[in-house]
Amino acid sequence: MMRVNQDRLWNSLMEMAKIGATSKGGSSRLALSKEDKAGRELFVSWCEALGMEIHRDPIGNLFAIYPGNNRLAAPIVMGSHLDTQPKGGRFDGVYGVLAALEVVRTLHENDVKLNHDLEIAVWMNEEGARFSPAMLGSEVFIGELSLEKALGIEDVNGISVGSELEAIGEAGTSEFKRHLDSYFELHIEQGPILEDLNKEIGVVTGGQAIAWLDVEMQGRAQHAGTTPMRYRKDAMLGVSAFLLEIEGYVAAIDDALLTIGEINIPFSSRNTIAGTVNFTLDIRHPETEKVKEMVAKVKEMAKEVAAKRALEVSLTDVWLSPAIPFDESCVNLVRSAVKELGFSNIEMISGAGHDAIHLAKHCPTTMIFIACKDGISHNEAESITEIDAANGTNVLLHAVMKRDQM
């Protein structure tokens, strides 16, 4: 049975990690930054060495094509992303891209040509760390976000997606919503389950629902030393009370998750009572209706806390990503490859958002997970083993070959 080259795969991961390397062993390649551009150029050089065709679309998604025998057939696509969090790890996203490259390298050196074209997709701004929303490139590709609106999105410095695409020369003319035979995305789990259960492969059957909200709690800014406690309208204490209440509510719901990832006190000062507090809520559950129910309840609880403390509160719906089931035929191909390769495995729902969630609305799609140490991701300490990296890539190789034979 054909196998990928473990050392070559690992060396590619380590070479890419040098671009935007951080002091604690991570990577920093924000979308459309000069580091992101350098990472793309390195990837393209590796692809061109295999004779692959390079295309880009108008939102900056990058596609490397390994021609098959039937150029009229829709391509089988593998991929992920090369952009990272501001101080992210070396494997989130990039592993899926370079594992796909290793699949092509393995086919090439064994003189194996598939019936379908085999494409590697590098999706633009998957992380959402620089431009919001996350998974921006794939969302535009499938037609759920207009190109015009996407190009106008700005980062915190007022720099737009469109201007950065022009500055680094990453916009192209490849069509959106092209017909794709299927899409396979290999990724680190970004959680602790595979490692905890000592399983080699996660067979991913779908993605859970995600809701993002922006919250503003308003009170009254006053002097910290001259305002008795009974006269205060302290927005920070109101937020604290609200967060403790919703933590208890969410913790009582099986499989529910709640995260407060950002919090800000505008015009804050050590000796001033917080007049306004802005923060984010991230709510997740495998069922879309349960997420909607949780959002409604959280809004109700926010208003109750604010009323008790003579505060004002506003909650804004930012994003709702419904739960997405992956294509059963593609999932079965992964199951079959895992069984033939003899890897231990479990079936999983993806807890994180991935480009595969968008692609699943457009074509038959699935994902494959491998373990990451201590479940740590979006962190410089993110770590995987060389053997796990190779195992996941072997599953990807054989799942894609099986798809080609269907």
# chains A, B, ... in the order shown; residues from 1 in each chain; ligands from 1

call {"tool": "closest_atom_pairs", "arguments": {"of": "range 271-355 of chain A", "to": "range 362-380 of chain A", "cutoff": "8 Å", "atoms": "only C-alpha atoms", "output": "Markdown table"}}
result
| residue | atom | partner | partner_atom | distance |
| --- | --- | --- | --- | --- |
| A:Phe326 | CA | A:Thr366 | CA | 5.3 |
| A:Asp327 | CA | A:Pro364 | CA | 5.1 |
| A:Ser329 | CA | A:Pro364 | CA | 7.9 |
| A:Cys330 | CA | A:Thr366 | CA | 5.9 |
| A:Val331 | CA | A:Thr366 | CA | 5.9 |
| A:Val334 | CA | A:Ile368 | CA | 7.5 |

call {"tool": "write_last_selection", "arguments": {"atoms": "C-alpha atoms", "output": "PDB file, in the first residue's frame"}}
result
ATOM      1  CA  PHE A 326     -20.673  16.151   6.152  1.00  0.00           C
ATOM      2  CA  ASP A 327     -21.333  14.036   3.070  1.00  0.00           C
ATOM      3  CA  SER A 329     -20.137   9.012   0.992  1.00  0.00           C
ATOM      4  CA  CYS A 330     -16.994  11.051   1.720  1.00  0.00           C
ATOM      5  CA  VAL A 331     -17.112  10.130   5.408  1.00  0.00           C
ATOM      6  CA  VAL A 334     -12.339   8.108   5.255  1.00  0.00           C
TER       7      VAL A 334
END

call {"tool": "residues_around", "arguments": {"residues": "Ser33 in chain A", "least_positions_apart": "4", "cutoff": "12 Å", "atoms": "only C-alpha atoms", "output": "VMD selection string"}}
result
chain A and resid 19 to 20 28 to 29 37 to 40 82 to 86 124 to 125 129 to 131 155 159 to 161 163 to 170

call {"tool": "closest_atom_pairs", "arguments": {"of": "range 6-88 of chain A", "to": "range 94-109 of chain A", "cutoff": "10 Å", "atoms": "only C-alpha atoms", "output": "tab-separated table"}}
result
residue	atom	partner	partner_atom	distance
A:Gln6	CA	A:Glu102	CA	8.9
A:Arg8	CA	A:Glu102	CA	7.8
A:Leu9	CA	A:Glu102	CA	6.0
A:Trp10	CA	A:Leu98	CA	9.1
A:Ser12	CA	A:Leu98	CA	7.0
A:Leu13	CA	A:Leu98	CA	6.9
A:Met16	CA	A:Val94	CA	8.2
A:Ala17	CA	A:Val94	CA	8.9
A:Gly39	CA	A:Val94	CA	9.6
A:Phe43	CA	A:Leu98	CA	8.1
A:Trp46	CA	A:Leu101	CA	8.3
A:Cys47	CA	A:Leu101	CA	7.4
A:Ala49	CA	A:Arg105	CA	9.8
A:Leu50	CA	A:Arg105	CA	7.3
A:Gly51	CA	A:His108	CA	9.7
A:Met52	CA	A:Val104	CA	9.4
A:Ala64	CA	A:Leu101	CA	9.1
A:Ile65	CA	A:Val104	CA	9.6
A:Tyr66	CA	A:Val104	CA	7.3
A:Val77	CA	A:Ala100	CA	9.0
A:Met78	CA	A:Ala100	CA	5.9
A:Gly79	CA	A:Val97	CA	4.9
A:Ser80	CA	A:Gly96	CA	5.2
A:His81	CA	A:Val94	CA	5.7
A:Leu82	CA	A:Val94	CA	4.9
A:Asp83	CA	A:Val94	CA	7.8
A:Thr84	CA	A:Val94	CA	8.6

call {"tool": "atom_distance", "arguments": {"atom1": "CA of His285 in chain A", "atom2": "CA of Leu257 in chain A"}}
result
6.5 Å

call {"tool": "residues_around", "arguments": {"residues": "range 392-406 of chain A", "least_positions_apart": "4", "cutoff": "7 Å", "atoms": "only C-alpha atoms", "output": "VMD selection string"}}
result
chain A and resid 3 to 4 99 103 114 to 116 201 333 to 334 337 to 338 370 388

call {"tool": "atom_distance", "arguments": {"atom1": "CA of Ala251 in chain A", "atom2": "CA of Glu126 in chain A"}}
result
28.4 Å

call {"tool": "decode", "arguments": {"residues": "range 228-265 of chain A", "atoms": "N, CA and C atoms", "output": "tab-separated table (two decimals), in the first residue's frame"}}
result
chain	number	residue	atom	x	y	z
A	228	PRO	N	-19.85	56.27	46.87
A	228	PRO	CA	-20.20	55.10	47.70
A	228	PRO	C	-20.77	53.97	46.83
A	229	MET	N	-20.59	52.75	47.30
A	229	MET	CA	-20.99	51.58	46.52
A	229	MET	C	-22.48	51.62	46.16
A	230	ARG	N	-23.32	52.12	47.06
A	230	ARG	CA	-24.76	52.07	46.81
A	230	ARG	C	-25.21	53.04	45.71
A	231	TYR	N	-24.34	54.01	45.36
A	231	TYR	CA	-24.69	54.97	44.33
A	231	TYR	C	-24.11	54.62	42.95
A	232	ARG	N	-23.39	53.56	42.89
A	232	ARG	CA	-22.66	53.26	41.66
A	232	ARG	C	-23.53	52.54	40.63
A	233	LYS	N	-23.20	52.84	39.36
A	233	LYS	CA	-23.72	52.06	38.23
A	233	LYS	C	-22.50	51.51	37.50
A	234	ASP	N	-21.94	50.45	38.09
A	234	ASP	CA	-20.65	49.90	37.65
A	234	ASP	C	-20.87	48.85	36.56
A	235	ALA	N	-20.52	49.22	35.34
A	235	ALA	CA	-20.73	48.31	34.21
A	235	ALA	C	-19.89	47.04	34.34
A	236	MET	N	-18.69	47.16	34.90
A	236	MET	CA	-17.82	45.99	35.01
A	236	MET	C	-18.39	44.97	35.98
A	237	LEU	N	-18.92	45.44	37.11
A	237	LEU	CA	-19.53	44.51	38.06
A	237	LEU	C	-20.80	43.90	37.48
A	238	GLY	N	-21.52	44.67	36.67
A	238	GLY	CA	-22.70	44.13	35.99
A	238	GLY	C	-22.31	43.02	35.02
A	239	VAL	N	-21.26	43.25	34.28
A	239	VAL	CA	-20.77	42.22	33.36
A	239	VAL	C	-20.34	40.98	34.12
A	240	SER	N	-19.64	41.18	35.24
A	240	SER	CA	-19.18	40.04	36.04
A	240	SER	C	-20.35	39.19	36.52
A	241	ALA	N	-21.40	39.85	37.02
A	241	ALA	CA	-22.57	39.12	37.50
A	241	ALA	C	-23.25	38.36	36.36
A	242	PHE	N	-23.34	39.00	35.19
A	242	PHE	CA	-23.97	38.38	34.03
A	242	PHE	C	-23.18	37.15	33.56
A	243	LEU	N	-21.87	37.28	33.51
A	243	LEU	CA	-21.06	36.18	33.03
A	243	LEU	C	-21.11	34.98	33.97
A	244	LEU	N	-21.16	35.23	35.26
A	244	LEU	CA	-21.27	34.12	36.20
A	244	LEU	C	-22.61	33.39	36.03
A	245	GLU	N	-23.67	34.15	35.78
A	245	GLU	CA	-24.99	33.53	35.59
A	245	GLU	C	-25.03	32.68	34.32
A	246	ILE	N	-24.51	33.22	33.21
A	246	ILE	CA	-24.61	32.44	31.98
A	246	ILE	C	-23.62	31.27	31.97
A	247	GLU	N	-22.52	31.38	32.73
A	247	GLU	CA	-21.63	30.24	32.85
A	247	GLU	C	-22.37	29.05	33.46
A	248	GLY	N	-23.11	29.31	34.53
A	248	GLY	CA	-23.88	28.24	35.16
A	248	GLY	C	-24.95	27.68	34.24
A	249	TYR	N	-25.60	28.55	33.49
A	249	TYR	CA	-26.65	28.11	32.56
A	249	TYR	C	-26.07	27.21	31.48
A	250	VAL	N	-24.98	27.64	30.83
A	250	VAL	CA	-24.40	26.87	29.74
A	250	VAL	C	-23.77	25.57	30.24
A	251	ALA	N	-23.14	25.61	31.40
A	251	ALA	CA	-22.47	24.42	31.94
A	251	ALA	C	-23.46	23.28	32.20
A	252	ALA	N	-24.73	23.61	32.39
A	252	ALA	CA	-25.74	22.58	32.67
A	252	ALA	C	-26.29	21.94	31.40
A	253	ILE	N	-25.87	22.41	30.23
A	253	ILE	CA	-26.36	21.88	28.95
A	253	ILE	C	-25.29	20.97	28.34
A	254	ASP	N	-25.63	19.73	28.12
A	254	ASP	CA	-24.67	18.78	27.54
A	254	ASP	C	-24.14	19.29	26.20
A	255	ASP	N	-22.81	19.23	26.04
A	255	ASP	CA	-22.11	19.56	24.80
A	255	ASP	C	-22.14	21.04	24.44
A	256	ALA	N	-22.66	21.89	25.33
A	256	ALA	CA	-22.68	23.33	25.05
A	256	ALA	C	-21.36	23.97	25.47
A	257	LEU	N	-20.98	25.04	24.75
A	257	LEU	CA	-19.74	25.75	25.03
A	257	LEU	C	-19.98	27.26	25.02
A	258	LEU	N	-19.30	27.95	25.92
A	258	LEU	CA	-19.40	29.41	26.02
A	258	LEU	C	-18.01	30.00	26.19
A	259	THR	N	-17.70	31.03	25.39
A	259	THR	CA	-16.39	31.68	25.50
A	259	THR	C	-16.56	33.19	25.42
A	260	ILE	N	-15.86	33.89	26.31
A	260	ILE	CA	-15.76	35.34	26.26
A	260	ILE	C	-14.33	35.63	25.83
A	261	GLY	N	-14.12	35.86	24.53
A	261	GLY	CA	-12.77	35.95	23.99
A	261	GLY	C	-12.17	37.34	24.02
A	262	GLU	N	-13.02	38.37	24.02
A	262	GLU	CA	-12.53	39.76	24.02
A	262	GLU	C	-13.36	40.57	25.01
A	263	ILE	N	-12.69	41.47	25.72
A	263	ILE	CA	-13.37	42.38	26.64
A	263	ILE	C	-12.62	43.70	26.65
A	264	ASN	N	-13.37	44.81	26.69
A	264	ASN	CA	-12.75	46.13	26.59
A	264	ASN	C	-13.53	47.14	27.42
A	265	ILE	N	-12.79	47.98	28.16
A	265	ILE	CA	-13.37	49.10	28.88
A	265	ILE	C	-12.88	50.37	28.19
